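Structure file data34.json (JSON, C-alpha atoms) is printed below.
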[["chain", "number", "residue", "atom", "x", "y", "z"],
["H", 1447, "MET", "CA", 4.91, -45.44, -28.42],
["H", 1448, "ASP", "CA", 8.22, -43.77, -29.24],
["H", 1449, "LEU", "CA", 9.28, -43.16, -25.63],
["H", 1450, "VAL", "CA", 12.40, -41.17, -26.50],
["H", 1451, "ARG", "CA", 10.48, -38.75, -28.71],
["H", 1452, "HIS", "CA", 7.76, -38.34, -26.08],
["H", 1453, "LEU", "CA", 10.38, -37.64, -23.43],
["H", 1454, "GLU", "CA", 11.92, -34.99, -25.69],
["H", 1455, "CYS", "CA", 8.50, -33.31, -25.77],
["H", 1456, "PHE", "CA", 8.18, -33.56, -21.99],
["H", 1457, "VAL", "CA", 11.59, -31.96, -21.38],
["H", 1458, "ALA", "CA", 10.93, -29.19, -23.91],
["H", 1459, "VAL", "CA", 7.61, -28.23, -22.31],
["H", 1460, "ALA", "CA", 9.12, -28.41, -18.81],
["H", 1461, "GLU", "CA", 11.99, -26.10, -19.81],
["H", 1462, "GLU", "CA", 9.87, -23.65, -21.79],
["H", 1463, "SER", "CA", 6.81, -23.69, -19.48],
["H", 1464, "HIS", "CA", 4.82, -22.97, -22.63],
["H", 1465, "PHE", "CA", 3.38, -25.34, -25.24],
["H", 1466, "GLY", "CA", 3.76, -22.83, -28.08],
["H", 1467, "ARG", "CA", 7.45, -22.14, -27.43],
["H", 1468, "ALA", "CA", 8.12, -25.85, -26.87],
["H", 1469, "ALA", "CA", 6.41, -26.72, -30.16],
["H", 1470, "ALA", "CA", 8.51, -24.14, -32.02],
["H", 1471, "ARG", "CA", 11.67, -25.49, -30.41],
["H", 1472, "LEU", "CA", 10.76, -29.02, -31.49],
["H", 1473, "GLY", "CA", 9.73, -27.97, -34.99],
["H", 1474, "MET", "CA", 6.17, -29.22, -34.69],
["H", 1475, "ALA", "CA", 2.65, -27.86, -34.30],
["H", 1476, "GLN", "CA", 1.18, -27.31, -30.85],
["H", 1477, "PRO", "CA", -1.80, -29.74, -31.04],
["H", 1478, "PRO", "CA", 0.38, -32.83, -31.75],
["H", 1479, "LEU", "CA", 2.69, -31.75, -28.92],
["H", 1480, "SER", "CA", -0.23, -31.58, -26.48],
["H", 1481, "GLN", "CA", -1.38, -35.02, -27.65],
["H", 1482, "ARG", "CA", 2.05, -36.50, -27.06],
["H", 1483, "ILE", "CA", 2.20, -35.14, -23.53],
["H", 1484, "GLN", "CA", -1.23, -36.63, -22.84],
["H", 1485, "ARG", "CA", -0.15, -40.01, -24.21],
["H", 1486, "LEU", "CA", 3.00, -39.92, -22.07],
["H", 1487, "GLU", "CA", 0.96, -39.12, -18.98],
["H", 1488, "ARG", "CA", -1.34, -42.05, -19.66],
["H", 1489, "HIS", "CA", 1.64, -44.34, -20.27],
["H", 1490, "LEU", "CA", 3.38, -43.31, -17.03],
["H", 1491, "GLY", "CA", 0.18, -43.11, -14.98],
["H", 1492, "VAL", "CA", 0.98, -39.64, -13.57],
["H", 1493, "ARG", "CA", 0.11, -36.05, -14.45],
["H", 1494, "LEU", "CA", 3.16, -34.14, -15.59],
["H", 1495, "PHE", "CA", 1.74, -30.64, -15.98],
["H", 1496, "ASP", "CA", -1.05, -28.48, -14.59],
["H", 1497, "ARG", "CA", -2.53, -26.53, -17.49],
["H", 1498, "THR", "CA", -4.55, -23.33, -17.48],
["H", 1499, "SER", "CA", -5.48, -21.03, -20.32],
["H", 1500, "ARG", "CA", -2.54, -18.79, -19.40],
["H", 1501, "GLN", "CA", 0.27, -21.03, -18.19],
["H", 1502, "VAL", "CA", 1.70, -24.52, -17.88],
["H", 1503, "THR", "CA", 3.16, -25.59, -14.54],
["H", 1504, "ILE", "CA", 5.11, -28.77, -13.98],
["H", 1505, "THR", "CA", 3.68, -30.99, -11.26],
["H", 1506, "GLU", "CA", 5.61, -32.50, -8.37],
["H", 1507, "ALA", "CA", 5.57, -35.86, -10.20],
["H", 1508, "GLY", "CA", 6.86, -34.15, -13.34],
["H", 1509, "THR", "CA", 9.66, -32.51, -11.36],
["H", 1510, "LEU", "CA", 10.71, -35.84, -9.90],
["H", 1511, "LEU", "CA", 10.75, -37.46, -13.36],
["H", 1512, "LEU", "CA", 12.46, -34.61, -15.21],
["H", 1513, "ALA", "CA", 16.03, -35.48, -14.21],
["H", 1514, "GLU", "CA", 15.56, -39.12, -15.22],
["H", 1515, "ALA", "CA", 13.99, -38.07, -18.51],
["H", 1516, "ARG", "CA", 17.04, -35.93, -19.26],
["H", 1517, "GLU", "CA", 19.31, -38.87, -18.37],
["H", 1518, "VAL", "CA", 17.41, -41.21, -20.70],
["H", 1519, "LEU", "CA", 17.75, -38.69, -23.53],
["H", 1520, "ALA", "CA", 21.48, -38.29, -22.87],
["H", 1521, "ARG", "CA", 21.97, -42.07, -22.87],
["H", 1522, "SER", "CA", 19.96, -42.35, -26.06],
["H", 1523, "GLU", "CA", 22.16, -39.78, -27.79],
["H", 1524, "ALA", "CA", 25.29, -41.55, -26.53],
["H", 1525, "LEU", "CA", 23.99, -44.85, -27.90],
["H", 1526, "LEU", "CA", 23.31, -43.31, -31.29],
["H", 1527, "ALA", "CA", 26.75, -41.69, -31.35],
["H", 1528, "THR", "CA", 28.38, -45.03, -30.54],
["H", 1529, "ALA", "CA", 26.37, -46.71, -33.29],
["H", 1530, "ARG", "CA", 27.58, -44.09, -35.77],
["H", 1531, "ARG", "CA", 31.19, -44.68, -34.73],
["H", 1532, "ILE", "CA", 30.75, -48.44, -35.09],
["H", 1533, "ARG", "CA", 29.23, -47.94, -38.53],
["H", 1534, "ASP", "CA", 32.17, -45.76, -39.54],
["H", 1535, "GLY", "CA", 34.77, -48.07, -37.97],
["H", 1536, "GLU", "CA", 35.70, -45.57, -35.27],
["H", 1537, "THR", "CA", 34.87, -47.43, -32.05],
["H", 1538, "GLY", "CA", 38.15, -46.63, -30.34],
["H", 1539, "LEU", "CA", 39.20, -50.30, -30.50],
["H", 1540, "LEU", "CA", 39.90, -52.29, -33.66],
["H", 1541, "ARG", "CA", 39.80, -56.05, -33.06],
["H", 1542, "ALA", "CA", 42.14, -57.58, -35.64],
["H", 1543, "ALA", "CA", 43.77, -60.97, -36.26],
["H", 1544, "LEU", "CA", 46.71, -62.51, -38.10],
["H", 1545, "PRO", "CA", 47.35, -66.23, -38.78],
["H", 1546, "PRO", "CA", 50.19, -68.03, -36.95],
["H", 1547, "ASP", "CA", 52.38, -68.36, -40.06],
["H", 1548, "VAL", "CA", 53.00, -64.59, -40.33],
["H", 1549, "SER", "CA", 56.59, -63.77, -39.41],
["H", 1550, "GLY", "CA", 57.65, -61.46, -36.61],
["H", 1551, "GLU", "CA", 59.09, -59.01, -39.15],
["H", 1552, "THR", "CA", 55.74, -58.79, -40.89],
["H", 1553, "VAL", "CA", 53.88, -58.25, -37.62],
["H", 1554, "ALA", "CA", 56.29, -55.48, -36.63],
["H", 1555, "ALA", "CA", 56.01, -53.79, -40.04],
["H", 1556, "LEU", "CA", 52.21, -53.96, -39.90],
["H", 1557, "LEU", "CA", 52.05, -52.44, -36.42],
["H", 1558, "THR", "CA", 54.42, -49.64, -37.40],
["H", 1559, "ALA", "CA", 52.47, -48.85, -40.58],
["H", 1560, "PHE", "CA", 49.14, -48.88, -38.74],
["H", 1561, "ALA", "CA", 50.47, -46.57, -36.01],
["H", 1562, "ASP", "CA", 51.77, -44.18, -38.66],
["H", 1563, "SER", "CA", 48.39, -44.11, -40.41],
["H", 1564, "ALA", "CA", 46.76, -42.09, -37.58],
["H", 1565, "ALA", "CA", 43.64, -44.20, -38.05],
["H", 1566, "GLY", "CA", 42.49, -43.35, -34.53],
["H", 1567, "PRO", "CA", 41.46, -46.50, -32.67],
["H", 1568, "GLU", "CA", 43.61, -48.69, -30.48],
["H", 1569, "LEU", "CA", 44.59, -51.95, -32.20],
["H", 1570, "GLU", "CA", 43.84, -55.20, -30.37],
["H", 1571, "LEU", "CA", 45.76, -57.82, -32.35],
["H", 1572, "HIS", "CA", 45.19, -61.57, -31.98],
["H", 1573, "GLU", "CA", 46.90, -64.64, -33.43],
["H", 1574, "LEU", "CA", 44.07, -66.73, -34.90],
["H", 1575, "SER", "CA", 43.76, -69.36, -37.62],
["H", 1576, "THR", "CA", 41.45, -68.75, -40.56],
["H", 1577, "ALA", "CA", 38.80, -71.02, -39.04],
["H", 1578, "GLN", "CA", 38.95, -69.13, -35.75],
["H", 1579, "GLN", "CA", 38.69, -65.80, -37.54],
["H", 1580, "LEU", "CA", 35.62, -66.92, -39.48],
["H", 1581, "GLU", "CA", 33.99, -68.02, -36.22],
["H", 1582, "ARG", "CA", 34.67, -64.64, -34.62],
["H", 1583, "PHE", "CA", 33.40, -62.76, -37.65],
["H", 1584, "ALA", "CA", 30.15, -64.73, -37.39],
["H", 1585, "ALA", "CA", 29.91, -63.92, -33.66],
["H", 1586, "HIS", "CA", 30.64, -60.20, -34.29],
["H", 1587, "GLU", "CA", 33.79, -60.52, -32.16],
["H", 1588, "LEU", "CA", 36.31, -59.52, -34.84],
["H", 1589, "ASP", "CA", 36.51, -56.40, -36.99],
["H", 1590, "VAL", "CA", 39.19, -57.35, -39.51],
["H", 1591, "GLY", "CA", 41.66, -60.17, -40.13],
["H", 1592, "LEU", "CA", 44.13, -61.74, -42.53],
["H", 1593, "ILE", "CA", 42.71, -65.04, -43.82],
["H", 1594, "HIS", "CA", 43.96, -67.89, -46.01],
["H", 1595, "HIS", "CA", 42.24, -68.88, -49.25],
["H", 1596, "PRO", "CA", 40.36, -70.94, -50.15],
["H", 1597, "CYS", "CA", 37.71, -70.57, -47.45],
["H", 1598, "ASP", "CA", 34.07, -69.56, -47.19],
["H", 1599, "VAL", "CA", 34.03, -65.77, -47.54],
["H", 1600, "SER", "CA", 30.24, -65.38, -47.54],
["H", 1601, "GLY", "CA", 29.29, -62.07, -45.95],
["H", 1602, "LEU", "CA", 32.85, -60.75, -46.03],
["H", 1603, "GLU", "CA", 34.55, -58.02, -48.02],
["H", 1604, "LEU", "CA", 38.13, -58.62, -49.12],
["H", 1605, "GLY", "CA", 41.26, -56.72, -49.92],
["H", 1606, "PRO", "CA", 43.68, -57.85, -52.63],
["H", 1607, "VAL", "CA", 44.71, -61.51, -52.68],
["H", 1608, "LEU", "CA", 48.45, -61.93, -52.13],
["H", 1609, "ARG", "CA", 50.59, -65.00, -52.78],
["H", 1610, "ARG", "CA", 53.48, -66.24, -50.62],
["H", 1611, "GLU", "CA", 55.35, -69.10, -52.28],
["H", 1612, "LEU", "CA", 56.00, -72.15, -50.14],
["H", 1613, "GLY", "CA", 59.35, -73.89, -49.96],
["H", 1614, "VAL", "CA", 60.41, -76.90, -47.92],
["H", 1615, "LEU", "CA", 62.21, -77.23, -44.60],
["H", 1616, "LEU", "CA", 64.28, -80.40, -44.59],
["H", 1617, "PRO", "CA", 67.20, -81.94, -42.69],
["H", 1618, "GLY", "CA", 70.53, -80.56, -43.75],
["H", 1619, "ASP", "CA", 71.82, -84.08, -44.47],
["H", 1620, "ALA", "CA", 68.89, -85.00, -46.74],
["H", 1621, "PRO", "CA", 69.92, -85.64, -50.38],
["H", 1622, "ALA", "CA", 67.60, -82.88, -51.61],
["H", 1623, "ALA", "CA", 69.22, -80.33, -49.27],
["H", 1624, "GLY", "CA", 72.09, -80.00, -51.74],
["H", 1625, "LEU", "CA", 69.79, -78.81, -54.52],
["H", 1626, "ASP", "CA", 69.11, -75.18, -55.34],
["H", 1627, "GLU", "CA", 65.46, -76.08, -55.97],
["H", 1628, "VAL", "CA", 63.69, -79.17, -54.67],
["H", 1629, "PRO", "CA", 61.20, -81.18, -56.78],
["H", 1630, "LEU", "CA", 58.29, -82.34, -54.67],
["H", 1631, "ALA", "CA", 58.80, -85.89, -55.88],
["H", 1632, "SER", "CA", 62.28, -85.94, -54.30],
["H", 1633, "LEU", "CA", 60.63, -85.75, -50.84],
["H", 1634, "THR", "CA", 59.20, -89.27, -51.21],
["H", 1635, "GLY", "CA", 59.67, -91.26, -48.01],
["H", 1636, "TYR", "CA", 59.56, -88.24, -45.72],
["H", 1637, "ASP", "CA", 56.59, -87.50, -43.47],
["H", 1638, "LEU", "CA", 55.01, -84.10, -44.00],
["H", 1639, "ILE", "CA", 54.51, -81.56, -41.21],
["H", 1640, "LEU", "CA", 51.45, -79.36, -41.67],
["H", 1641, "PHE", "CA", 49.32, -77.09, -39.49],
["H", 1642, "PRO", "CA", 46.26, -78.82, -37.95],
["H", 1643, "ARG", "CA", 43.58, -79.31, -40.59],
["H", 1644, "ALA", "CA", 40.92, -77.60, -38.45],
["H", 1645, "ALA", "CA", 42.81, -74.30, -38.79],
["H", 1646, "ALA", "CA", 42.10, -74.05, -42.54],
["H", 1647, "PRO", "CA", 40.55, -77.24, -43.96],
["H", 1648, "ALA", "CA", 40.38, -76.20, -47.62],
["H", 1649, "VAL", "CA", 43.98, -74.93, -47.63],
["H", 1650, "TYR", "CA", 45.16, -78.15, -45.96],
["H", 1651, "ASP", "CA", 43.40, -80.33, -48.53],
["H", 1652, "ASP", "CA", 44.66, -78.23, -51.45],
["H", 1653, "LEU", "CA", 48.26, -78.58, -50.26],
["H", 1654, "LEU", "CA", 48.05, -82.36, -50.00],
["H", 1655, "THR", "CA", 46.32, -82.63, -53.38],
["H", 1656, "THR", "CA", 48.99, -80.52, -55.07],
["H", 1657, "CYS", "CA", 51.76, -82.56, -53.44],
["H", 1658, "ALA", "CA", 50.21, -85.79, -54.75],
["H", 1659, "ARG", "CA", 49.82, -84.35, -58.26],
["H", 1660, "ASN", "CA", 53.52, -83.50, -58.23],
["H", 1661, "GLY", "CA", 54.68, -86.97, -57.17],
["H", 1662, "TYR", "CA", 54.86, -86.62, -53.39],
["H", 1663, "THR", "CA", 52.47, -88.57, -51.15],
["H", 1664, "PRO", "CA", 53.83, -88.52, -47.59],
["H", 1665, "PRO", "CA", 53.72, -91.76, -45.57],
["H", 1666, "ALA", "CA", 52.19, -89.77, -42.70],
["H", 1667, "VAL", "CA", 51.15, -86.21, -41.92],
["H", 1668, "ARG", "CA", 52.30, -84.73, -38.61],
["H", 1669, "HIS", "CA", 50.74, -81.59, -37.16],
["H", 1670, "ALA", "CA", 52.58, -78.62, -35.70],
["H", 1671, "GLN", "CA", 52.47, -74.81, -35.80],
["H", 1672, "GLY", "CA", 55.23, -73.33, -33.64],
["H", 1673, "ALA", "CA", 58.47, -72.75, -35.56],
["H", 1674, "SER", "CA", 60.66, -74.39, -32.90],
["H", 1675, "PHE", "CA", 58.45, -77.48, -32.69],
["H", 1676, "VAL", "CA", 58.40, -77.80, -36.49],
["H", 1677, "ARG", "CA", 62.22, -77.57, -36.65],
["H", 1678, "GLY", "CA", 62.50, -80.18, -33.91],
["H", 1679, "LEU", "CA", 60.32, -82.62, -35.86],
["H", 1680, "VAL", "CA", 62.30, -82.00, -39.04],
["H", 1681, "LEU", "CA", 65.55, -82.72, -37.21],
["H", 1682, "SER", "CA", 64.46, -85.87, -35.42],
["H", 1683, "ALA", "CA", 61.51, -87.49, -37.18],
["H", 1684, "ARG", "CA", 62.57, -87.92, -40.83],
["H", 1685, "ALA", "CA", 60.01, -85.31, -41.80],
["H", 1686, "VAL", "CA", 59.81, -82.17, -43.93],
["H", 1687, "ALA", "CA", 57.64, -79.09, -43.60],
["H", 1688, "LEU", "CA", 56.15, -76.63, -46.07],
["H", 1689, "SER", "CA", 56.97, -73.06, -45.17],
["H", 1690, "PRO", "CA", 57.19, -69.59, -46.72],
["H", 1691, "ARG", "CA", 60.72, -68.24, -46.95],
["H", 1692, "ASP", "CA", 60.03, -65.39, -44.50],
["H", 1693, "ALA", "CA", 58.80, -67.73, -41.75],
["H", 1694, "HIS", "CA", 62.12, -69.62, -41.52],
["H", 1695, "ARG", "CA", 64.86, -67.29, -42.73],
["H", 1696, "PRO", "CA", 67.58, -68.79, -40.47],
["H", 1697, "ALA", "CA", 67.02, -72.19, -42.10],
["H", 1698, "GLU", "CA", 68.10, -70.88, -45.49],
["H", 1699, "ARG", "CA", 71.68, -71.25, -44.32],
["H", 1700, "GLU", "CA", 72.97, -74.74, -43.68],
["H", 1701, "ALA", "CA", 74.35, -75.38, -40.22],
["H", 1702, "SER", "CA", 78.11, -75.70, -39.87],
["H", 1703, "PRO", "CA", 79.58, -79.24, -39.82],
["H", 1704, "ALA", "CA", 80.55, -78.79, -36.19],
["H", 1705, "ALA", "CA", 76.98, -78.06, -35.23],
["H", 1706, "GLY", "CA", 75.50, -81.03, -37.11],
["H", 1707, "PRO", "CA", 73.34, -81.18, -40.20],
["H", 1708, "GLY", "CA", 70.76, -78.64, -39.01],
["H", 1709, "VAL", "CA", 67.66, -77.64, -40.96],
["H", 1710, "VAL", "CA", 67.66, -75.92, -44.34],
["H", 1711, "TRP", "CA", 64.99, -74.17, -46.39],
["H", 1712, "ARG", "CA", 64.85, -74.66, -50.15],
["H", 1713, "PRO", "CA", 62.43, -73.34, -52.80],
["H", 1714, "LEU", "CA", 60.33, -75.90, -54.66],
["H", 1715, "THR", "CA", 60.90, -76.50, -58.36],
["H", 1716, "GLY", "CA", 58.27, -74.63, -60.36],
["H", 1717, "ALA", "CA", 56.80, -72.99, -57.24],
["H", 1718, "PRO", "CA", 53.77, -75.33, -57.23],
["H", 1719, "LEU", "CA", 52.63, -74.42, -53.70],
["H", 1720, "ALA", "CA", 51.71, -71.09, -52.17],
["H", 1721, "LEU", "CA", 49.71, -69.53, -49.36],
["H", 1722, "ARG", "CA", 47.10, -67.06, -50.58],
["H", 1723, "HIS", "CA", 46.01, -64.32, -48.22],
["H", 1724, "SER", "CA", 43.71, -61.36, -48.13],
["H", 1725, "VAL", "CA", 42.48, -59.00, -45.48],
["H", 1726, "ALA", "CA", 38.79, -59.61, -44.72],
["H", 1727, "TRP", "CA", 36.09, -57.80, -42.78],
["H", 1728, "PRO", "CA", 32.30, -58.09, -42.40],
["H", 1729, "GLY", "CA", 30.34, -56.69, -45.33],
["H", 1730, "GLY", "CA", 29.24, -53.11, -44.78],
["H", 1731, "ARG", "CA", 31.47, -52.76, -41.71],
["H", 1732, "GLY", "CA", 34.48, -51.18, -43.35],
["H", 1733, "GLY", "CA", 35.72, -47.76, -42.35],
["H", 1734, "ALA", "CA", 38.84, -45.67, -41.95],
["H", 1735, "ALA", "CA", 40.38, -47.97, -39.33],
["H", 1736, "VAL", "CA", 39.67, -51.16, -41.27],
["H", 1737, "GLY", "CA", 41.06, -49.56, -44.41],
["H", 1738, "ALA", "CA", 44.21, -48.50, -42.57],
["H", 1739, "PHE", "CA", 44.73, -52.04, -41.24],
["H", 1740, "ALA", "CA", 44.15, -53.56, -44.69],
["H", 1741, "GLU", "CA", 46.66, -51.22, -46.28],
["H", 1742, "ALA", "CA", 49.21, -51.78, -43.49],
["H", 1743, "ALA", "CA", 48.86, -55.58, -43.74],
["H", 1744, "THR", "CA", 49.14, -55.57, -47.52],
["H", 1745, "ARG", "CA", 52.24, -53.38, -47.51],
["H", 1746, "ALA", "CA", 53.85, -55.38, -44.70],
["H", 1747, "LEU", "CA", 53.34, -58.69, -46.51],
["H", 1748, "ARG", "CA", 54.75, -57.31, -49.73],
["H", 1749, "GLY", "CA", 57.66, -55.58, -48.04],
["H", 1750, "THR", "CA", 58.80, -58.22, -45.54],
["H", 1751, "ALA", "CA", 57.40, -61.51, -46.86],
["H", 1752, "GLY", "CA", 57.84, -61.04, -50.59],
["H", 1753, "ALA", "CA", 54.11, -61.48, -51.19],
["H", 1754, "THR", "CA", 52.91, -60.73, -54.70],
["H", 1755, "PRO", "CA", 49.45, -60.03, -56.17],
["H", 1756, "ASP", "CA", 47.63, -63.23, -57.05],
["H", 1757, "LEU", "CA", 44.89, -63.87, -59.56],
["H", 1758, "PRO", "CA", 42.46, -66.26, -57.82],
["H", 1759, "ALA", "CA", 41.65, -69.54, -59.49],
["H", 1760, "ARG", "CA", 38.04, -69.26, -58.34],
["H", 1761, "PRO", "CA", 35.66, -66.38, -57.55],
["H", 1762, "LEU", "CA", 36.37, -64.79, -54.17],
["H", 1763, "HIS", "CA", 33.77, -61.99, -54.11],
["H", 1764, "LEU", "CA", 36.51, -59.40, -54.20],
["H", 1765, "ARG", "CA", 36.06, -55.68, -53.86],
["H", 1766, "PRO", "CA", 36.48, -53.55, -57.01],
["H", 1767, "ALA", "CA", 40.06, -53.32, -58.21],
["H", 1768, "SER", "CA", 40.00, -49.54, -57.71],
["H", 1769, "GLU", "CA", 39.75, -50.13, -53.95],
["H", 1770, "TYR", "CA", 42.80, -52.39, -53.69],
["H", 1771, "TRP", "CA", 45.96, -51.27, -51.95],
["H", 1772, "LEU", "CA", 48.58, -52.51, -54.39]]
Here is the file; what I need is its structure written in the form of structure tokens.
Amino acid sequence: MDLVRHLECFVAVAEESHFGRAAARLGMAQPPLSQRIQRLERHLGVRLFDRTSRQVTITEAGTLLLAEAREVLARSEALLATARRIRDGETGLLRAALPPDVSGETVAALLTAFADSAAGPELELHELSTAQQLERFAAHELDVGLIHHPCDVSGLELGPVLRRELGVLLPGDAPAAGLDEVPLASLTGYDLILFPRAAAPAVYDDLLTTCARNGYTPPAVRHAQGASFVRGLVLSARAVALSPRDAHRPAEREASPAAGPGVVWRPLTGAPLALRHSVAWPGGRGGAAVGAFAEAATRALRGTAGATPDLPARPLHLRPASEYWL
């Protein structure tokens, strides 16, 4: 039995005190309305109305139940309204995520652009790896995020794929630090600092494979994510790290002799390595707020991180090009 619809009939008859007027109000014939009231009475086990040939009078039981019936109907309408807002991406709260390698400038630019978009909902922004974002998408705990490719994008819709070229952080006194561009092979003998593999396994493996193909197989791989920790390892552990230019801008300038060798950032010869990003969200769950976040993230990455459009080397189930924010 459709309880909500039967309660609508009950409330209409109670307010109209007349089956004919109630039926007209509900847009239905009188006999089906009478049958619904009878079914509701049987279901509840009480008589709701006293009926005569001239009038309908609500019973004491009906009077006691009327307020609760109205409350159920109000809650039902509120639930449906919330479902519509969720469907349209207008829940009042947009749960979003960015990976740890995004710079502070990019985060600030994204937040400013999203606020200026007047998208409506409050933004709840988290710092999550790609693997963590995929887990939260699967658990329906995340509305939109910026992920690294390659990864499993089954069930997700994607914005444009953007490329951020990777350079190398290395000790200022390393021989390669004096070069304008560093061949990967010149890093031989240095350990490599990478993010933990669990954060983005396919990206991690791709980076190591590309390094090996270009003549660099590190003696060991060390794991770190925080910028200060990475710089500390580079300075003290005969190690180098792969990093986008925007994530370590201060390291582009060599430290002064008085301050020691410091850490420097250099581009890689031929730009063989890059991080590839796109905004992702669950299929069919896009809306105005998700679109505003995707546009803000794309513009922020291009404006502050020098990200450029990338043609994927493998299918990524992308949205039509007409929907990209380029």
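From CA of Ser1724 in chain H back to CA of Phe1739 in chain H, the distance works out to 11.6 Å.
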Can you tell me, as a JSON list (two decimals) with C-alpha atoms, keeping the file's coordinate frame, what residues are no more than 9 Å from Leu1714 in chain H when counting all atoms listed in the file, ignoring any on the same chain fewer than 5 positions away?
[["chain", "number", "residue", "atom", "x", "y", "z"],
["H", 1611, "GLU", "CA", 55.35, -69.10, -52.28],
["H", 1612, "LEU", "CA", 56.00, -72.15, -50.14],
["H", 1613, "GLY", "CA", 59.35, -73.89, -49.96],
["H", 1614, "VAL", "CA", 60.41, -76.90, -47.92],
["H", 1626, "ASP", "CA", 69.11, -75.18, -55.34],
["H", 1627, "GLU", "CA", 65.46, -76.08, -55.97],
["H", 1628, "VAL", "CA", 63.69, -79.17, -54.67],
["H", 1629, "PRO", "CA", 61.20, -81.18, -56.78],
["H", 1630, "LEU", "CA", 58.29, -82.34, -54.67],
["H", 1719, "LEU", "CA", 52.63, -74.42, -53.70]]
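Surrounding residues of (39.9, -55.1, -34.6) at most 8 Å away are H:Leu1539, H:Leu1540, H:Arg1541, H:Ala1542, H:Ala1543, H:Leu1569, H:Glu1570, H:Leu1571, H:Leu1588, H:Asp1589, H:Val1590, H:Gly1591, H:Val1736 (based on only C-alpha atoms).
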Next item on the list: Using all atoms listed in the file, find the one residue out of H:Ala1469, H:Leu1653, H:Met1474, H:Ala1554 that sits nearest to Ala1742 in chain H.
Entry: H:Ala1554
Note to self: To one decimal place in Å, what is the distance between CA of Glu1568 in chain H and CA of Pro1546 in chain H?
What the structure shows: 21.4 Å
